[in-house]
Amino acid sequence: MHQPSICDKIRIRMWIGEQELCNMSRTICRLLLVLFFAAATMTTAIAEKRVALVIGNDNYAHVVKLQKAVNDAKAMAGTLRALGFGVTEASNVARRDLNFAVQTFVNQIEPGDIALLFFAGHGVEIAGENFLLPTDIPDATPGQEGFVKGESISLNNILIALKAKKARLNVVILDACRNNPFSTAAGRSLGATRGLARVAAPQGTFVMYSADAGEQALDRLNDGDRNPNSVFTRTLIPLLQQPGLDLVDMARRARRTVRELALSVSHQQTPAYYDAVLGDFYFAGKGRPDSIPVTSPSPDPIARDFELARAIGTQSAWQAFLAVHGDKTDSFHVQLAKAALKKLALGVFPGEDEPTPTRAHTPGETFKDCDQCPEMVVLPAGSYIMGAPESEKRHYTDNYNEGPQHKVTIQKPFAVGKFEITVGQFEMFVKETGYKTGNKCWVYNRKKRFWEEREGRSFRNPGFRQSAAQPVVCVNLDDAKAYVKWLSGKTGQHYRLLSEAEWEYAARAGTTTRYHFGNDERALCDYANGADRDSPIGPKNKSCTDGSGNKTTVVGSYKGNQFGLYDMLGNVDELLEDCWNDNYNGAPSDGSARTSGDCNRRASRGGSWFNGPAHLRSASRGSSDDLNDNTGFRVARTLTP
């Protein structure tokens, strides 16, 4: 129950006194009303001080210039001022001025304050440490790492200085995850080629990057993108202004939206955050958050068709777009489509209809066989113990089907989809082949809380809104196998579904714990989209909230495992090649699929948005014999020398 503050008690007492004394004198009444409203503002007056330093660097003298960092800083400064921050703003600052600005900012901070640093510009990772670059940073080559460190600003030093000031909260936001601006020589580079290194945030500090470690942050989506701000900053600013979003909610929404925008142009960018904050903080207060869709469909049919053609990316797709809209010669979308078609014809970048030549792939490598093909991760050969010990916590004891434990040896490296197959990828297959999917699907009725088979439900309309970057659902084994057959023919490579043994090997990623990140289900919401504390269904994870809204989320919205695979746990249950068997008696030990048993049902693994912690474990098993709104698939590829 809320306990009244000192200011609340003052207001209550003054209100009672005002009511008694107003009967005595109109003058006294008016005076008391003035005092009452003055007291009502006391809570705001004693609120914590908010201070911010906002920096944007575009005009680098010796390395590649940027276009939108100063715009990003100006937009962020205006937003923070409206949210009650005292903002110091700096643009295109050299090393001395950058050092002075940071030190002045740190000196402003007092115990109990809210402090925020925003930096847009170049950053670089050197030996696992991050440095922010001033505009006068000299060009440098490999071997001059110490020189670059001395001429730039260490992020670690900033975090240490902020912690020493004992603010209630320190927030550091970096839109600096661009390509390394320094030249390369002899195949080497000074520092990491792109992005910033992960950081250990001190207690009381929240750090957010515009892209994950090793990723490049986009300034713009394409040549037609006229937004004055970067993809990350334009997404973040509206979220800062929305009541009811704490730091983690804000970061998760930004991560999903930015990732989907980047995927729309076949780019990998997933903002990362590092949370060491005790308690909650709301930039715009604790009001009820709005429901923000990940994407807003364009009402313009030309823009809508253009986005679809770009998602498919083939010559035939662009030709189909121009056949419908080509007469609108003054349309910018038509001009872009003609330019894209010309580039494809000239071979400026790989076309969908031309598979990439076969070459050797090495463990840990990621690759794509065509521009719109699934991104694949090469897994090494190896052995592991499949199944769960009887002592493993499950929350249920009947129908034990995760044993007996047995050793499985994967003899050769193979490739696994980094993400589950998306709606957009499956749509491309359907459009190119004319494949007919079903018009019925088992869906969960959220009002009545039971499963029912519904007419008019399909992968295009599963009963909840799906974007092109979310995993395809309402597909069965026949659909999945038709997709991999088409993909194999398109690329000239051997694509297939995973076996159950391969799936668990990929999900565990060398671990033996319940989940690939450990045994504590309280951390699940950082790694998996499952039935969380806010879910109306059960059994659910009562210890955390994952922000999914009880449906699928954009693939890769949560942290990956040690192999670099995402959504192995949760989001959608993944169909596999194996026939269903009640246990592992007689199971192959070489990682191959089990082709005997109940082949009317197929094994599925990983759990989904519908499932609680027990079914999101690496060892948990399931099966599927029909189309469901929580079931999809992931692909594998056999590697050839």
# chains A, B, ... in the order shown; residues from 1 in each chain; ligands from 1
$ residues_around --residues "segment 152-168 of chain A" --least-positions-apart "5" --cutoff "8 Å" --atoms "only C-alpha atoms" --output "list in words"
Arg95, Asn99, Val102, Val106, Ile109, Glu110, Pro111, Gly112, Asp113, Ile114, Ala115, Glu129, Asn130, Phe131, Leu132, Leu133, Pro134, Ile137, Ala201, Pro202, Gln203, Gly204 and Thr205 of chain A
$ residues_around --residues "Ala213 of chain A" --least-positions-apart "4" --cutoff "10 Å" --atoms "only C-alpha atoms" --output "list in words"
Glu125, Cys177, Ala192, Arg194, Gly195, Leu196, Ala197, Arg198, Val199, Tyr209, Gln269, Thr270, Pro271 and Ala272 of chain A
$ select_by_dssp --residues "segment 121-238 of chain A" --states "alpha helix (DSSP H)" --output "ChimeraX atom specification"
/A:145-151,155-164,231-238
$ residues_around --residues "Met568 of chain A" --least-positions-apart "2" --cutoff "9 Å" --atoms "only C-alpha atoms" --output "list in words"
Phe419, Glu420, Trp503, Ala506, Ala507, Ala528, Gly560, Asn561, Leu565, Tyr566, Gly570, Asn571, Val572, Asp573, Glu574, Arg605, Gly606, Gly607, Leu616 and Ser618 of chain A
$ write_last_selection --atoms "N, CA, C and O atoms" --output "compact mmCIF listing (two decimals), in the first residue's frame"
# COMPACT_ATOMS: atom_id res chain seq x y z
N PHE A 419 18.74 -17.86 -37.22
CA PHE A 419 17.41 -17.52 -36.72
C PHE A 419 16.41 -18.53 -37.28
O PHE A 419 16.70 -19.29 -38.20
N GLU A 420 15.22 -18.52 -36.71
CA GLU A 420 14.12 -19.30 -37.28
C GLU A 420 13.69 -18.69 -38.61
O GLU A 420 13.87 -17.49 -38.84
N TRP A 503 19.75 -30.70 -33.11
CA TRP A 503 19.12 -29.54 -32.48
C TRP A 503 19.61 -29.37 -31.05
O TRP A 503 19.97 -28.26 -30.64
N ALA A 506 23.11 -28.08 -30.93
CA ALA A 506 23.16 -26.66 -31.27
C ALA A 506 22.62 -25.80 -30.13
O ALA A 506 23.15 -24.72 -29.85
N ALA A 507 21.56 -26.27 -29.46
CA ALA A 507 20.95 -25.49 -28.38
C ALA A 507 21.86 -25.43 -27.15
O ALA A 507 21.97 -24.38 -26.51
N ALA A 528 14.92 -15.70 -23.96
CA ALA A 528 13.85 -16.46 -24.61
C ALA A 528 12.51 -15.76 -24.50
O ALA A 528 12.21 -15.15 -23.48
N GLY A 560 21.67 -14.42 -27.77
CA GLY A 560 21.95 -15.71 -28.38
C GLY A 560 22.74 -16.63 -27.46
O GLY A 560 23.12 -16.26 -26.34
N ASN A 561 23.02 -17.85 -27.96
CA ASN A 561 23.83 -18.78 -27.16
C ASN A 561 25.29 -18.71 -27.58
O ASN A 561 25.69 -17.90 -28.41
N LEU A 565 23.65 -18.63 -32.03
CA LEU A 565 22.32 -18.96 -32.52
C LEU A 565 21.28 -18.28 -31.63
O LEU A 565 21.45 -18.23 -30.40
N TYR A 566 20.19 -17.81 -32.22
CA TYR A 566 19.18 -17.04 -31.49
C TYR A 566 17.84 -17.77 -31.46
O TYR A 566 17.49 -18.49 -32.41
N GLY A 570 12.36 -20.95 -26.93
CA GLY A 570 11.24 -20.02 -27.02
C GLY A 570 10.98 -19.48 -28.40
O GLY A 570 11.56 -19.92 -29.39
N ASN A 571 10.07 -18.52 -28.47
CA ASN A 571 9.55 -17.89 -29.68
C ASN A 571 8.63 -18.86 -30.42
O ASN A 571 7.42 -18.74 -30.33
N VAL A 572 9.18 -19.84 -31.18
CA VAL A 572 8.33 -20.88 -31.76
C VAL A 572 8.97 -22.24 -31.56
O VAL A 572 10.20 -22.37 -31.55
N ASP A 573 8.13 -23.25 -31.38
CA ASP A 573 8.57 -24.63 -31.33
C ASP A 573 9.06 -25.01 -32.74
O ASP A 573 8.39 -24.69 -33.73
N GLU A 574 10.20 -25.69 -32.84
CA GLU A 574 10.83 -25.92 -34.14
C GLU A 574 10.66 -27.37 -34.59
O GLU A 574 11.06 -28.31 -33.90
N ARG A 605 11.30 -29.12 -30.98
CA ARG A 605 12.13 -28.75 -29.82
C ARG A 605 12.16 -27.24 -29.63
O ARG A 605 11.91 -26.46 -30.55
N GLY A 606 12.46 -26.84 -28.40
CA GLY A 606 12.72 -25.44 -28.09
C GLY A 606 11.65 -24.73 -27.31
O GLY A 606 11.90 -23.71 -26.69
N GLY A 607 10.39 -25.24 -27.37
CA GLY A 607 9.32 -24.50 -26.72
C GLY A 607 8.98 -23.23 -27.49
O GLY A 607 9.60 -22.92 -28.51
N LEU A 616 11.18 -24.86 -21.84
CA LEU A 616 12.19 -24.08 -22.54
C LEU A 616 13.60 -24.60 -22.26
O LEU A 616 14.57 -24.02 -22.72
N SER A 618 16.94 -27.01 -22.53
CA SER A 618 17.63 -27.58 -23.69
C SER A 618 17.23 -29.02 -23.94
O SER A 618 17.23 -29.49 -25.08
$ select_by_dssp --residues "segment 107-185 of chain A" --states "strand (DSSP E or B)" --output "list in words"
Ile114, Ala115, Leu116, Leu117, Phe118, Phe119, Ala120, Gly123, Val124, Glu125, Ile126, Glu129, Asn130, Phe131, Leu132, Ile153, Ser154, Leu169, Asn170, Val171, Val172, Ile173, Leu174, Asp175, Asn179 and Ala185 of chain A
$ residues_around --residues "Asp629 of chain A" --least-positions-apart "2" --cutoff "9 Å" --atoms "only C-alpha atoms" --output "list in words"
Cys441, Trp442, Val443, Tyr444, Arg457, Ser458, Phe459, Pro462, Gly463, Val472, Val473, Cys474, Val475, Lys551, Val572, Leu627, Thr631 and Gly632 of chain A
$ residues_around --residues "segment 608-613 of chain A" --least-positions-apart "5" --cutoff "8 Å" --atoms "only C-alpha atoms" --output "JSON, numbers by chain"
{"A": [521, 524, 529, 530, 531, 532, 537, 538, 539, 540, 541, 548, 550, 551, 552, 569, 570, 571, 572, 573, 630, 631]}
$ closest_residue --among "A:Val248, A:Ala482, A:Leu53, A:Leu379" --to "Thr545 of chain A" --atoms "only C-alpha atoms"
A:Val248
$ residues_around --residues "Asp136 of chain A" --least-positions-apart "3" --cutoff "8 Å" --atoms "only C-alpha atoms" --output "PDB file with all heavy atoms, in the first residue's frame"
ATOM      1  N   TYR A  60      35.054  14.771 -38.873  1.00  0.00           N
ATOM      2  CA  TYR A  60      36.368  14.223 -38.543  1.00  0.00           C
ATOM      3  C   TYR A  60      37.387  14.703 -39.569  1.00  0.00           C
ATOM      4  O   TYR A  60      37.141  14.683 -40.783  1.00  0.00           O
ATOM      5  CB  TYR A  60      36.302  12.703 -38.493  1.00  0.00           C
ATOM      6  CG  TYR A  60      35.619  12.200 -37.245  1.00  0.00           C
ATOM      7  CD1 TYR A  60      34.236  12.022 -37.196  1.00  0.00           C
ATOM      8  CD2 TYR A  60      36.347  11.932 -36.096  1.00  0.00           C
ATOM      9  CE1 TYR A  60      33.595  11.585 -36.044  1.00  0.00           C
ATOM     10  CE2 TYR A  60      35.725  11.493 -34.931  1.00  0.00           C
ATOM     11  CZ  TYR A  60      34.347  11.322 -34.913  1.00  0.00           C
ATOM     12  OH  TYR A  60      33.728  10.897 -33.765  1.00  0.00           O
ATOM     13  N   ALA A  61      38.543  15.153 -39.083  1.00  0.00           N
ATOM     14  CA  ALA A  61      39.537  15.770 -39.953  1.00  0.00           C
ATOM     15  C   ALA A  61      40.360  14.755 -40.728  1.00  0.00           C
ATOM     16  O   ALA A  61      40.746  15.014 -41.878  1.00  0.00           O
ATOM     17  CB  ALA A  61      40.460  16.664 -39.120  1.00  0.00           C
ATOM     18  N   HIS A  62      40.655  13.584 -40.129  1.00  0.00           N
ATOM     19  CA  HIS A  62      41.610  12.655 -40.741  1.00  0.00           C
ATOM     20  C   HIS A  62      41.032  11.273 -41.022  1.00  0.00           C
ATOM     21  O   HIS A  62      41.704  10.453 -41.647  1.00  0.00           O
ATOM     22  CB  HIS A  62      42.843  12.514 -39.834  1.00  0.00           C
ATOM     23  CG  HIS A  62      43.467  13.826 -39.476  1.00  0.00           C
ATOM     24  ND1 HIS A  62      44.111  14.628 -40.393  1.00  0.00           N
ATOM     25  CD2 HIS A  62      43.519  14.496 -38.288  1.00  0.00           C
ATOM     26  CE1 HIS A  62      44.555  15.728 -39.790  1.00  0.00           C
ATOM     27  NE2 HIS A  62      44.200  15.672 -38.516  1.00  0.00           N
ATOM     28  N   ALA A  94      36.990  18.505 -30.678  1.00  0.00           N
ATOM     29  CA  ALA A  94      38.316  17.899 -30.708  1.00  0.00           C
ATOM     30  C   ALA A  94      38.650  17.321 -29.338  1.00  0.00           C
ATOM     31  O   ALA A  94      37.893  17.493 -28.371  1.00  0.00           O
ATOM     32  CB  ALA A  94      39.345  18.952 -31.130  1.00  0.00           C
ATOM     33  N   ARG A  95      39.818  16.666 -29.251  1.00  0.00           N
ATOM     34  CA  ARG A  95      40.151  15.912 -28.035  1.00  0.00           C
ATOM     35  C   ARG A  95      40.133  16.787 -26.785  1.00  0.00           C
ATOM     36  O   ARG A  95      39.549  16.416 -25.762  1.00  0.00           O
ATOM     37  CB  ARG A  95      41.530  15.262 -28.190  1.00  0.00           C
ATOM     38  CG  ARG A  95      41.954  14.456 -26.953  1.00  0.00           C
ATOM     39  CD  ARG A  95      43.261  13.731 -27.184  1.00  0.00           C
ATOM     40  NE  ARG A  95      44.358  14.668 -27.377  1.00  0.00           N
ATOM     41  CZ  ARG A  95      45.097  15.193 -26.391  1.00  0.00           C
ATOM     42  NH1 ARG A  95      44.830  14.870 -25.132  1.00  0.00           N
ATOM     43  NH2 ARG A  95      46.083  16.015 -26.642  1.00  0.00           N
TER      44      ARG A  95
END
$ decode --residues "segment 205-242 of chain A" --atoms "C-alpha atoms" --output "tab-separated table (two decimals), in the first residue's frame"
chain	number	residue	atom	x	y	z
A	205	THR	CA	24.77	2.20	-14.44
A	206	PHE	CA	22.78	1.42	-17.59
A	207	VAL	CA	24.74	1.31	-20.87
A	208	MET	CA	23.09	1.03	-24.29
A	209	TYR	CA	24.75	0.60	-27.69
A	210	SER	CA	23.11	1.22	-31.04
A	211	ALA	CA	24.31	-2.22	-32.19
A	212	ASP	CA	25.59	-5.39	-30.58
A	213	ALA	CA	29.28	-6.24	-30.33
A	214	GLY	CA	30.79	-6.68	-33.78
A	215	GLU	CA	27.81	-5.12	-35.61
A	216	GLN	CA	27.62	-1.92	-37.63
A	217	ALA	CA	24.97	0.68	-36.81
A	218	LEU	CA	23.18	2.19	-39.81
A	219	ASP	CA	22.94	5.93	-40.41
A	220	ARG	CA	20.18	5.34	-42.98
A	221	LEU	CA	18.28	2.41	-44.43
A	222	ASN	CA	18.96	3.20	-48.09
A	223	ASP	CA	19.47	6.06	-50.54
A	224	GLY	CA	15.77	6.92	-50.32
A	225	ASP	CA	15.82	7.30	-46.54
A	226	ARG	CA	15.52	11.05	-45.88
A	227	ASN	CA	15.18	10.87	-42.09
A	228	PRO	CA	17.67	13.32	-40.51
A	229	ASN	CA	18.54	10.86	-37.73
A	230	SER	CA	20.21	7.48	-37.57
A	231	VAL	CA	18.08	4.34	-37.44
A	232	PHE	CA	18.84	3.90	-33.73
A	233	THR	CA	18.29	7.47	-32.54
A	234	ARG	CA	15.06	7.97	-34.50
A	235	THR	CA	13.73	4.83	-32.80
A	236	LEU	CA	14.93	5.68	-29.31
A	237	ILE	CA	13.64	9.25	-28.98
A	238	PRO	CA	9.88	8.43	-29.11
A	239	LEU	CA	10.44	5.69	-26.54
A	240	LEU	CA	12.13	8.10	-24.12
A	241	GLN	CA	9.02	10.29	-24.32
A	242	GLN	CA	6.55	7.51	-23.62
